[in-house]
Amino acid sequence: MGTVNVNRNVTDVFYRYKMPKINAKVEGKGNGIKTVIVNMIDVAKAIGRPATYPTKYFGCELGAQTQFDYKNERFIVNGSHDASKLQDLLDGFIRKFVLCPECDNPETELLVSSKKGTISQGCKACGFHGPLEVNHKVNTFIIKNPPNINPANQGASLTESKRSKRSKKTGDNGETTEADTKHEDFSEVVKSEYNDVHEDEDDDAEWTVDVSEAAVRSRLQDLTEGAKNMTISEDVDKSEKERLDIFYEELKKRRDAGELDNVQVHKELTIEAARLDVQQKATLVLAELLFDANILQQVKKYRNLLLRFTHNDLKAQKYLIGGLEQIIALHNEKLMNNVATILKLFYDNDILEEKAILEWASKISKKYVSKEVATTIHEKAKPFIQWLQTAEEEEDSSDESDFEVEYNDRVQVLKKDSAPKTIQGNQDEDGEDDVNIDEI
């Protein structure tokens, strides 16, 4: 699989801190699809963290359930995820939980106090020591599962392990067995270690429950997260239609609340679609809820949100075109004569790529609307499709000016402009899309 620098921002080939590239394997299908990170233990050793930490981080970032089984070395994230995508997420984990904030060195360790609910970080390279300044959902998991805890107890065999110990604890005649004696010895060791750590504390210190507003809110948040995890578990087992309905209700709630111009809401919606495993078909829902007869004015308004779902994803773009067919059919009188204009507007705003449009134009489908309506839509789109097919040849000609499509309610023709104009859309000199989705 090869290795990469632990800090991939460092390009030095002689950088001493290396880690294996993530090896991910997708298993199952339908609602049971999952991604197994085959070499998670090796990666975790290289970055000096328990394998459960980055796996749990992936789950939080992707809005997916995770499973750990140390015994069989299986670390699973529900859903289908590319190794490259997980590798990028791992960079985020390393930046937050591994690299020293002072020297950017990965020779750090996490010091967790479960009692106080704090995480601090120490660097062996520069001597830095201080509280972890990262506020992330995985923090709670780390506090509940400190680095020194037996990793096998975080796996799928935890229940079986405890049941086995209970069955061996007492014999048939009720007498204490060797396992019971070992348990008592272990308890004494724990007590001794606890006393060593806390020997300097005041014996008269009072133990109280923090009832401040912040503490109460924190405890409620933990309960909420627990309930949310149960909901997530139930959602992923539902049919695709039910999951799309869940996304529909979430998007509708955000739209009605006027929150769709908020970048953070855009991110939350993409995470929700990923959690429900409907990222590509979500564009059908977007078309249904975002557009009506005023689609020409609505495209630019929702461009950034749409790009989060369609950027570099031809399948999502095809589903979006299917959704547009439904909107055009629904508002036939006002939109049918503007089909070419609508497609060009989506093309100019980089929401639809040339390849997706041409593939759609190559075949009339009755998947989303009747064949008669689909045929009419394709007929109305012909001037733009013809222009799109010849635009590249025209641009390659240095003697001729570029062409621009002009449309009105009566005619749709290709017209040569008097002054050269460039087709809208952000493209670099190599012709590649330079849209940066993270900057939206």
# chains A, B, ... in the order shown; residues from 1 in each chain; ligands from 1
call {"tool": "residues_around", "arguments": {"residues": "region 319-326 of chain A", "least_positions_apart": "3", "cutoff": "7 Å", "atoms": "only C-alpha atoms", "output": "compact mmCIF listing (two decimals) with C-alpha atoms, in the first residue's frame"}}
result
# COMPACT_ATOMS: atom_id res chain seq x y z
CA LYS A 281 -30.37 11.03 -5.01
CA THR A 283 -30.45 16.24 -5.66
CA LEU A 284 -33.96 15.04 -6.59
CA ALA A 287 -34.91 20.18 -7.07
CA GLU A 288 -38.35 19.48 -5.63
CA LYS A 315 -24.49 10.65 -11.06
CA ALA A 316 -25.80 13.33 -8.70
CA ALA A 329 -43.42 19.38 -16.39
CA LEU A 330 -45.11 20.78 -13.28
CA TYR A 368 -39.18 11.01 -14.18
CA VAL A 369 -41.87 12.28 -16.57
call {"tool": "residues_around", "arguments": {"residues": "region 15-29 of chain A", "least_positions_apart": "3", "cutoff": "10 Å", "atoms": "only C-alpha atoms", "output": "PDB file with C-alpha atoms, in the first residue's frame"}}
result
ATOM      1  CA  MET A   1       0.000   0.000   0.000  1.00  0.00           C
ATOM      2  CA  GLY A   2       2.984   2.314   0.489  1.00  0.00           C
ATOM      3  CA  THR A   3       3.524   4.957   3.130  1.00  0.00           C
ATOM      4  CA  VAL A   4       2.907   8.693   3.476  1.00  0.00           C
ATOM      5  CA  ASN A   5       4.130  11.368   5.849  1.00  0.00           C
ATOM      6  CA  VAL A   6       2.156  11.511   9.098  1.00  0.00           C
ATOM      7  CA  ASN A   7       1.924  15.266   8.536  1.00  0.00           C
ATOM      8  CA  ARG A   8       1.080  15.358   4.839  1.00  0.00           C
ATOM      9  CA  VAL A  10       5.361  18.199   4.970  1.00  0.00           C
ATOM     10  CA  THR A  11       6.602  17.263   1.507  1.00  0.00           C
ATOM     11  CA  ASP A  12      10.139  16.252   2.543  1.00  0.00           C
ATOM     12  CA  GLY A  32     -26.018  -3.220   5.041  1.00  0.00           C
ATOM     13  CA  ILE A  33     -23.119  -1.664   3.119  1.00  0.00           C
ATOM     14  CA  LYS A  34     -20.088  -0.845   5.237  1.00  0.00           C
ATOM     15  CA  THR A  35     -16.430   0.111   4.887  1.00  0.00           C
ATOM     16  CA  VAL A  36     -13.798  -1.977   6.697  1.00  0.00           C
ATOM     17  CA  ILE A  37     -10.488  -0.208   7.364  1.00  0.00           C
ATOM     18  CA  VAL A  38      -8.219  -3.201   6.886  1.00  0.00           C
ATOM     19  CA  ASN A  39      -4.979  -1.742   8.282  1.00  0.00           C
ATOM     20  CA  MET A  40      -6.397   0.556  10.977  1.00  0.00           C
ATOM     21  CA  ASP A  42      -1.008  -0.358  11.709  1.00  0.00           C
ATOM     22  CA  VAL A  43      -2.056   3.234  10.964  1.00  0.00           C
ATOM     23  CA  ALA A  44      -2.941   3.799  14.626  1.00  0.00           C
ATOM     24  CA  LYS A  45       0.458   2.506  15.784  1.00  0.00           C
ATOM     25  CA  ALA A  46       2.208   4.880  13.393  1.00  0.00           C
ATOM     26  CA  ILE A  47       0.388   7.925  14.822  1.00  0.00           C
ATOM     27  CA  PHE A  75     -12.703  -1.374  12.334  1.00  0.00           C
ATOM     28  CA  ILE A  76     -15.866  -0.500  10.456  1.00  0.00           C
ATOM     29  CA  VAL A  77     -17.600   2.681   9.304  1.00  0.00           C
ATOM     30  CA  ASN A  78     -21.131   2.186   7.993  1.00  0.00           C
ATOM     31  CA  GLY A  79     -21.713   3.246   4.392  1.00  0.00           C
ATOM     32  CA  SER A  80     -19.477   3.202   1.337  1.00  0.00           C
ATOM     33  CA  HIS A  81     -16.394   5.427   1.655  1.00  0.00           C
ATOM     34  CA  ASP A  82     -13.299   5.727  -0.553  1.00  0.00           C
ATOM     35  CA  ALA A  83      -9.853   5.188   0.961  1.00  0.00           C
ATOM     36  CA  SER A  84      -8.791   8.619  -0.338  1.00  0.00           C
ATOM     37  CA  LYS A  85     -11.716  10.261   1.452  1.00  0.00           C
ATOM     38  CA  LEU A  86     -10.818   8.511   4.721  1.00  0.00           C
ATOM     39  CA  GLN A  87      -7.170   9.500   4.232  1.00  0.00           C
ATOM     40  CA  ASP A  88      -8.199  13.156   3.986  1.00  0.00           C
ATOM     41  CA  LEU A  90      -7.335  11.187   8.892  1.00  0.00           C
ATOM     42  CA  ASN A 105       5.743  17.162  15.806  1.00  0.00           C
ATOM     43  CA  PRO A 106       3.680  13.946  16.114  1.00  0.00           C
ATOM     44  CA  GLU A 107       5.633  12.677  19.151  1.00  0.00           C
TER      45      GLU A 107
END
call {"tool": "closest_residue", "arguments": {"among": "A:Asp313, A:Glu359, A:Glu354, A:Glu240", "to": "Leu388 (chain A)", "atoms": "only C-alpha atoms"}}
result
A:Glu354
call {"tool": "residues_around", "arguments": {"residues": "region 95-99 of chain A", "least_positions_apart": "3", "cutoff": "12 Å", "atoms": "only C-alpha atoms", "output": "PyMOL selection string"}}
result
chain A and resi 6-9+17+44-50+53-54+57+88-92+102-111+119-126+128+131-136+138-139+142
call {"tool": "residues_around", "arguments": {"residues": "Leu289 (chain A)", "least_positions_apart": "2", "cutoff": "9 Å", "atoms": "only C-alpha atoms", "output": "list in words"}}
result
Tyr248, Leu251, Lys252, Arg255, Leu284, Val285, Leu286, Ala287, Phe291 and Asp292 of chain A
call {"tool": "write_last_selection", "arguments": {"atoms": "N, CA and C atoms", "output": "short mmCIF file (atom, residue, chain, number, x, y, z; two decimals), in the first residue's frame"}}
result
data_model
loop_
_atom_site.label_atom_id
_atom_site.label_comp_id
_atom_site.auth_asym_id
_atom_site.auth_seq_id
_atom_site.Cartn_x
_atom_site.Cartn_y
_atom_site.Cartn_z
N TYR A 248 -35.83 14.83 3.09
CA TYR A 248 -36.82 15.80 2.60
C TYR A 248 -37.32 16.67 3.76
N LEU A 251 -34.55 19.09 5.00
CA LEU A 251 -34.33 20.20 4.06
C LEU A 251 -35.50 21.17 4.09
N LYS A 252 -36.71 20.65 4.14
CA LYS A 252 -37.91 21.50 4.18
C LYS A 252 -37.91 22.37 5.45
N ARG A 255 -35.37 25.07 4.94
CA ARG A 255 -35.85 26.05 3.95
C ARG A 255 -36.89 26.98 4.55
N LEU A 284 -32.54 15.09 -6.22
CA LEU A 284 -33.96 15.04 -6.59
C LEU A 284 -34.81 15.81 -5.58
N VAL A 285 -34.46 15.64 -4.31
CA VAL A 285 -35.17 16.35 -3.23
C VAL A 285 -34.88 17.84 -3.30
N LEU A 286 -33.61 18.17 -3.59
CA LEU A 286 -33.23 19.59 -3.70
C LEU A 286 -34.05 20.27 -4.80
N ALA A 287 -34.16 19.60 -5.96
CA ALA A 287 -34.91 20.18 -7.07
C ALA A 287 -36.37 20.39 -6.68
N PHE A 291 -36.97 24.65 -6.20
CA PHE A 291 -37.35 25.29 -7.46
C PHE A 291 -38.86 25.24 -7.72
N ASP A 292 -39.32 26.30 -8.40
CA ASP A 292 -40.70 26.35 -8.88
C ASP A 292 -40.69 27.10 -10.21
#
call {"tool": "select_by_dssp", "arguments": {"residues": "region 236-425 of chain A", "states": "strand (DSSP E or B)", "output": "list in words"}}
result
Phe403, Glu404, Val405, Glu406, Tyr407, Gln412, Val413, Leu414, Lys415 and Lys416 of chain A
call {"tool": "write_last_selection", "arguments": {"atoms": "all heavy atoms", "output": "mmCIF file, in the first residue's frame"}}
result
data_model
loop_
_atom_site.group_PDB
_atom_site.id
_atom_site.type_symbol
_atom_site.label_atom_id
_atom_site.label_comp_id
_atom_site.auth_asym_id
_atom_site.auth_seq_id
_atom_site.Cartn_x
_atom_site.Cartn_y
_atom_site.Cartn_z
ATOM 1 N N PHE A 403 -18.994 31.852 -29.455
ATOM 2 C CA PHE A 403 -20.433 31.952 -29.646
ATOM 3 C C PHE A 403 -21.136 31.988 -28.308
ATOM 4 O O PHE A 403 -20.706 31.392 -27.351
ATOM 5 C CB PHE A 403 -20.944 30.753 -30.461
ATOM 6 C CG PHE A 403 -20.581 30.841 -31.910
ATOM 7 C CD1 PHE A 403 -19.343 30.396 -32.336
ATOM 8 C CD2 PHE A 403 -21.450 31.370 -32.833
ATOM 9 C CE1 PHE A 403 -18.991 30.470 -33.661
ATOM 10 C CE2 PHE A 403 -21.102 31.448 -34.170
ATOM 11 C CZ PHE A 403 -19.877 30.997 -34.586
ATOM 12 N N GLU A 404 -22.221 32.666 -28.294
ATOM 13 C CA GLU A 404 -23.045 32.743 -27.089
ATOM 14 C C GLU A 404 -24.484 32.442 -27.465
ATOM 15 O O GLU A 404 -24.973 32.852 -28.507
ATOM 16 C CB GLU A 404 -22.978 34.144 -26.466
ATOM 17 C CG GLU A 404 -23.790 34.244 -25.194
ATOM 18 C CD GLU A 404 -23.857 35.659 -24.703
ATOM 19 O OE1 GLU A 404 -23.880 36.554 -25.568
ATOM 20 O OE2 GLU A 404 -23.884 35.872 -23.504
ATOM 21 N N VAL A 405 -25.141 31.666 -26.619
ATOM 22 C CA VAL A 405 -26.533 31.325 -26.897
ATOM 23 C C VAL A 405 -27.428 32.427 -26.382
ATOM 24 O O VAL A 405 -27.276 32.875 -25.251
ATOM 25 C CB VAL A 405 -26.907 30.005 -26.192
ATOM 26 C CG1 VAL A 405 -28.310 29.582 -26.575
ATOM 27 C CG2 VAL A 405 -25.904 28.925 -26.557
ATOM 28 N N GLU A 406 -28.342 32.875 -27.222
ATOM 29 C CA GLU A 406 -29.328 33.863 -26.789
ATOM 30 C C GLU A 406 -30.711 33.270 -26.975
ATOM 31 O O GLU A 406 -31.017 32.677 -28.004
ATOM 32 C CB GLU A 406 -29.201 35.153 -27.607
ATOM 33 C CG GLU A 406 -27.931 35.923 -27.301
ATOM 34 C CD GLU A 406 -27.923 37.272 -28.010
ATOM 35 O OE1 GLU A 406 -28.910 37.566 -28.732
ATOM 36 O OE2 GLU A 406 -26.958 37.996 -27.844
ATOM 37 N N TYR A 407 -31.526 33.443 -25.965
ATOM 38 C CA TYR A 407 -32.864 32.877 -26.020
ATOM 39 C C TYR A 407 -33.896 33.925 -25.651
ATOM 40 O O TYR A 407 -33.646 34.808 -24.860
ATOM 41 C CB TYR A 407 -33.011 31.708 -25.032
ATOM 42 C CG TYR A 407 -31.992 30.628 -25.221
ATOM 43 C CD1 TYR A 407 -30.877 30.550 -24.402
ATOM 44 C CD2 TYR A 407 -32.137 29.684 -26.234
ATOM 45 C CE1 TYR A 407 -29.935 29.564 -24.565
ATOM 46 C CE2 TYR A 407 -31.188 28.703 -26.412
ATOM 47 C CZ TYR A 407 -30.082 28.634 -25.569
ATOM 48 O OH TYR A 407 -29.166 27.661 -25.740
ATOM 49 N N GLN A 412 -35.105 30.553 -30.453
ATOM 50 C CA GLN A 412 -33.927 30.046 -29.758
ATOM 51 C C GLN A 412 -32.900 29.731 -30.837
ATOM 52 O O GLN A 412 -32.987 28.722 -31.503
ATOM 53 C CB GLN A 412 -34.264 28.787 -28.958
ATOM 54 C CG GLN A 412 -35.373 29.007 -27.934
ATOM 55 C CD GLN A 412 -35.782 27.706 -27.279
ATOM 56 O OE1 GLN A 412 -35.281 26.663 -27.643
ATOM 57 N NE2 GLN A 412 -36.669 27.790 -26.330
ATOM 58 N N VAL A 413 -31.927 30.588 -31.008
ATOM 59 C CA VAL A 413 -30.977 30.421 -32.100
ATOM 60 C C VAL A 413 -29.576 30.649 -31.594
ATOM 61 O O VAL A 413 -29.365 31.270 -30.564
ATOM 62 C CB VAL A 413 -31.254 31.424 -33.254
ATOM 63 C CG1 VAL A 413 -32.574 31.139 -33.916
ATOM 64 C CG2 VAL A 413 -31.209 32.860 -32.734
ATOM 65 N N LEU A 414 -28.643 30.145 -32.344
ATOM 66 C CA LEU A 414 -27.237 30.420 -32.082
ATOM 67 C C LEU A 414 -26.897 31.719 -32.779
ATOM 68 O O LEU A 414 -27.160 31.883 -33.965
ATOM 69 C CB LEU A 414 -26.365 29.287 -32.633
ATOM 70 C CG LEU A 414 -26.513 27.928 -31.923
ATOM 71 C CD1 LEU A 414 -25.701 26.890 -32.658
ATOM 72 C CD2 LEU A 414 -26.061 28.070 -30.496
ATOM 73 N N LYS A 415 -26.327 32.618 -32.040
ATOM 74 C CA LYS A 415 -26.050 33.933 -32.612
ATOM 75 C C LYS A 415 -24.604 34.302 -32.348
ATOM 76 O O LYS A 415 -24.137 34.233 -31.222
ATOM 77 C CB LYS A 415 -26.983 34.966 -31.989
ATOM 78 C CG LYS A 415 -26.812 36.353 -32.564
ATOM 79 C CD LYS A 415 -27.841 37.300 -31.968
ATOM 80 C CE LYS A 415 -27.673 38.698 -32.511
ATOM 81 N NZ LYS A 415 -28.629 39.635 -31.953
ATOM 82 N N LYS A 416 -23.943 34.753 -33.390
ATOM 83 C CA LYS A 416 -22.556 35.160 -33.248
ATOM 84 C C LYS A 416 -22.504 36.573 -32.702
ATOM 85 O O LYS A 416 -23.081 37.483 -33.280
ATOM 86 C CB LYS A 416 -21.860 35.085 -34.611
ATOM 87 C CG LYS A 416 -20.375 35.362 -34.535
ATOM 88 C CD LYS A 416 -19.703 35.106 -35.872
ATOM 89 C CE LYS A 416 -18.219 35.370 -35.792
ATOM 90 N NZ LYS A 416 -17.530 35.147 -37.045
#
call {"tool": "closest_residue", "arguments": {"among": "A:Tyr347, A:Leu352, A:Thr341, A:Ala282", "to": "Leu314 (chain A)", "atoms": "only C-alpha atoms"}}
result
A:Leu352
call {"tool": "select_by_dssp", "arguments": {"residues": "region 7-178 of chain A", "states": "alpha helix (DSSP H)", "output": "PyMOL selection string"}}
result
chain A and resi 40-47+52-62+83-97+138-144+158-169+178
call {"tool": "write_last_selection", "arguments": {"atoms": "C-alpha atoms", "output": "compact mmCIF listing (two decimals), in the first residue's frame"}}
result
# COMPACT_ATOMS: atom_id res chain seq x y z
CA MET A 40 -6.40 0.56 10.98
CA ILE A 41 -4.21 -0.96 13.71
CA ASP A 42 -1.01 -0.36 11.71
CA VAL A 43 -2.06 3.23 10.96
CA ALA A 44 -2.94 3.80 14.63
CA LYS A 45 0.46 2.51 15.78
CA ALA A 46 2.21 4.88 13.39
CA ILE A 47 0.39 7.93 14.82
CA THR A 52 -10.72 3.30 17.95
CA TYR A 53 -10.00 7.05 18.08
CA PRO A 54 -9.55 7.76 14.34
CA THR A 55 -12.32 5.26 13.51
CA LYS A 56 -14.71 7.08 15.82
CA TYR A 57 -13.53 10.40 14.31
CA PHE A 58 -14.45 9.11 10.84
CA GLY A 59 -17.91 8.21 12.11
CA CYS A 60 -18.44 11.67 13.62
CA GLU A 61 -17.27 13.45 10.47
CA LEU A 62 -19.31 11.26 8.12
CA ALA A 83 -9.85 5.19 0.96
CA SER A 84 -8.79 8.62 -0.34
CA LYS A 85 -11.72 10.26 1.45
CA LEU A 86 -10.82 8.51 4.72
CA GLN A 87 -7.17 9.50 4.23
CA ASP A 88 -8.20 13.16 3.99
CA LEU A 89 -10.30 12.81 7.14
CA LEU A 90 -7.34 11.19 8.89
CA ASP A 91 -5.32 14.33 8.13
CA GLY A 92 -7.91 16.28 10.11
CA PHE A 93 -7.67 13.86 13.04
CA ILE A 94 -3.88 14.07 13.05
CA ARG A 95 -3.98 17.85 12.93
CA LYS A 96 -6.40 17.99 15.88
CA PHE A 97 -5.31 15.09 18.09
CA VAL A 138 -14.86 12.48 19.64
CA ASN A 139 -13.56 14.18 22.81
CA THR A 140 -16.36 12.54 24.81
CA PHE A 141 -15.39 9.13 23.44
CA ILE A 142 -11.72 9.68 24.37
CA ILE A 143 -12.63 10.69 27.93
CA LYS A 144 -14.78 7.58 28.33
CA LEU A 158 -17.09 -6.92 25.13
CA THR A 159 -20.46 -8.39 26.19
CA GLU A 160 -19.31 -11.91 25.53
CA SER A 161 -16.13 -11.30 27.52
CA LYS A 162 -18.03 -10.03 30.57
CA ARG A 163 -20.54 -12.88 30.39
CA SER A 164 -17.71 -15.39 30.25
CA LYS A 165 -16.08 -13.89 33.34
CA ARG A 166 -19.35 -13.95 35.26
CA SER A 167 -19.94 -17.61 34.42
CA LYS A 168 -16.47 -18.56 35.68
CA LYS A 169 -16.64 -16.46 38.82
CA GLU A 178 -9.79 -18.79 41.21
call {"tool": "atom_distance", "arguments": {"atom1": "CA of Phe346 (chain A)", "atom2": "CA of Glu242 (chain A)"}}
result
28.7 Å
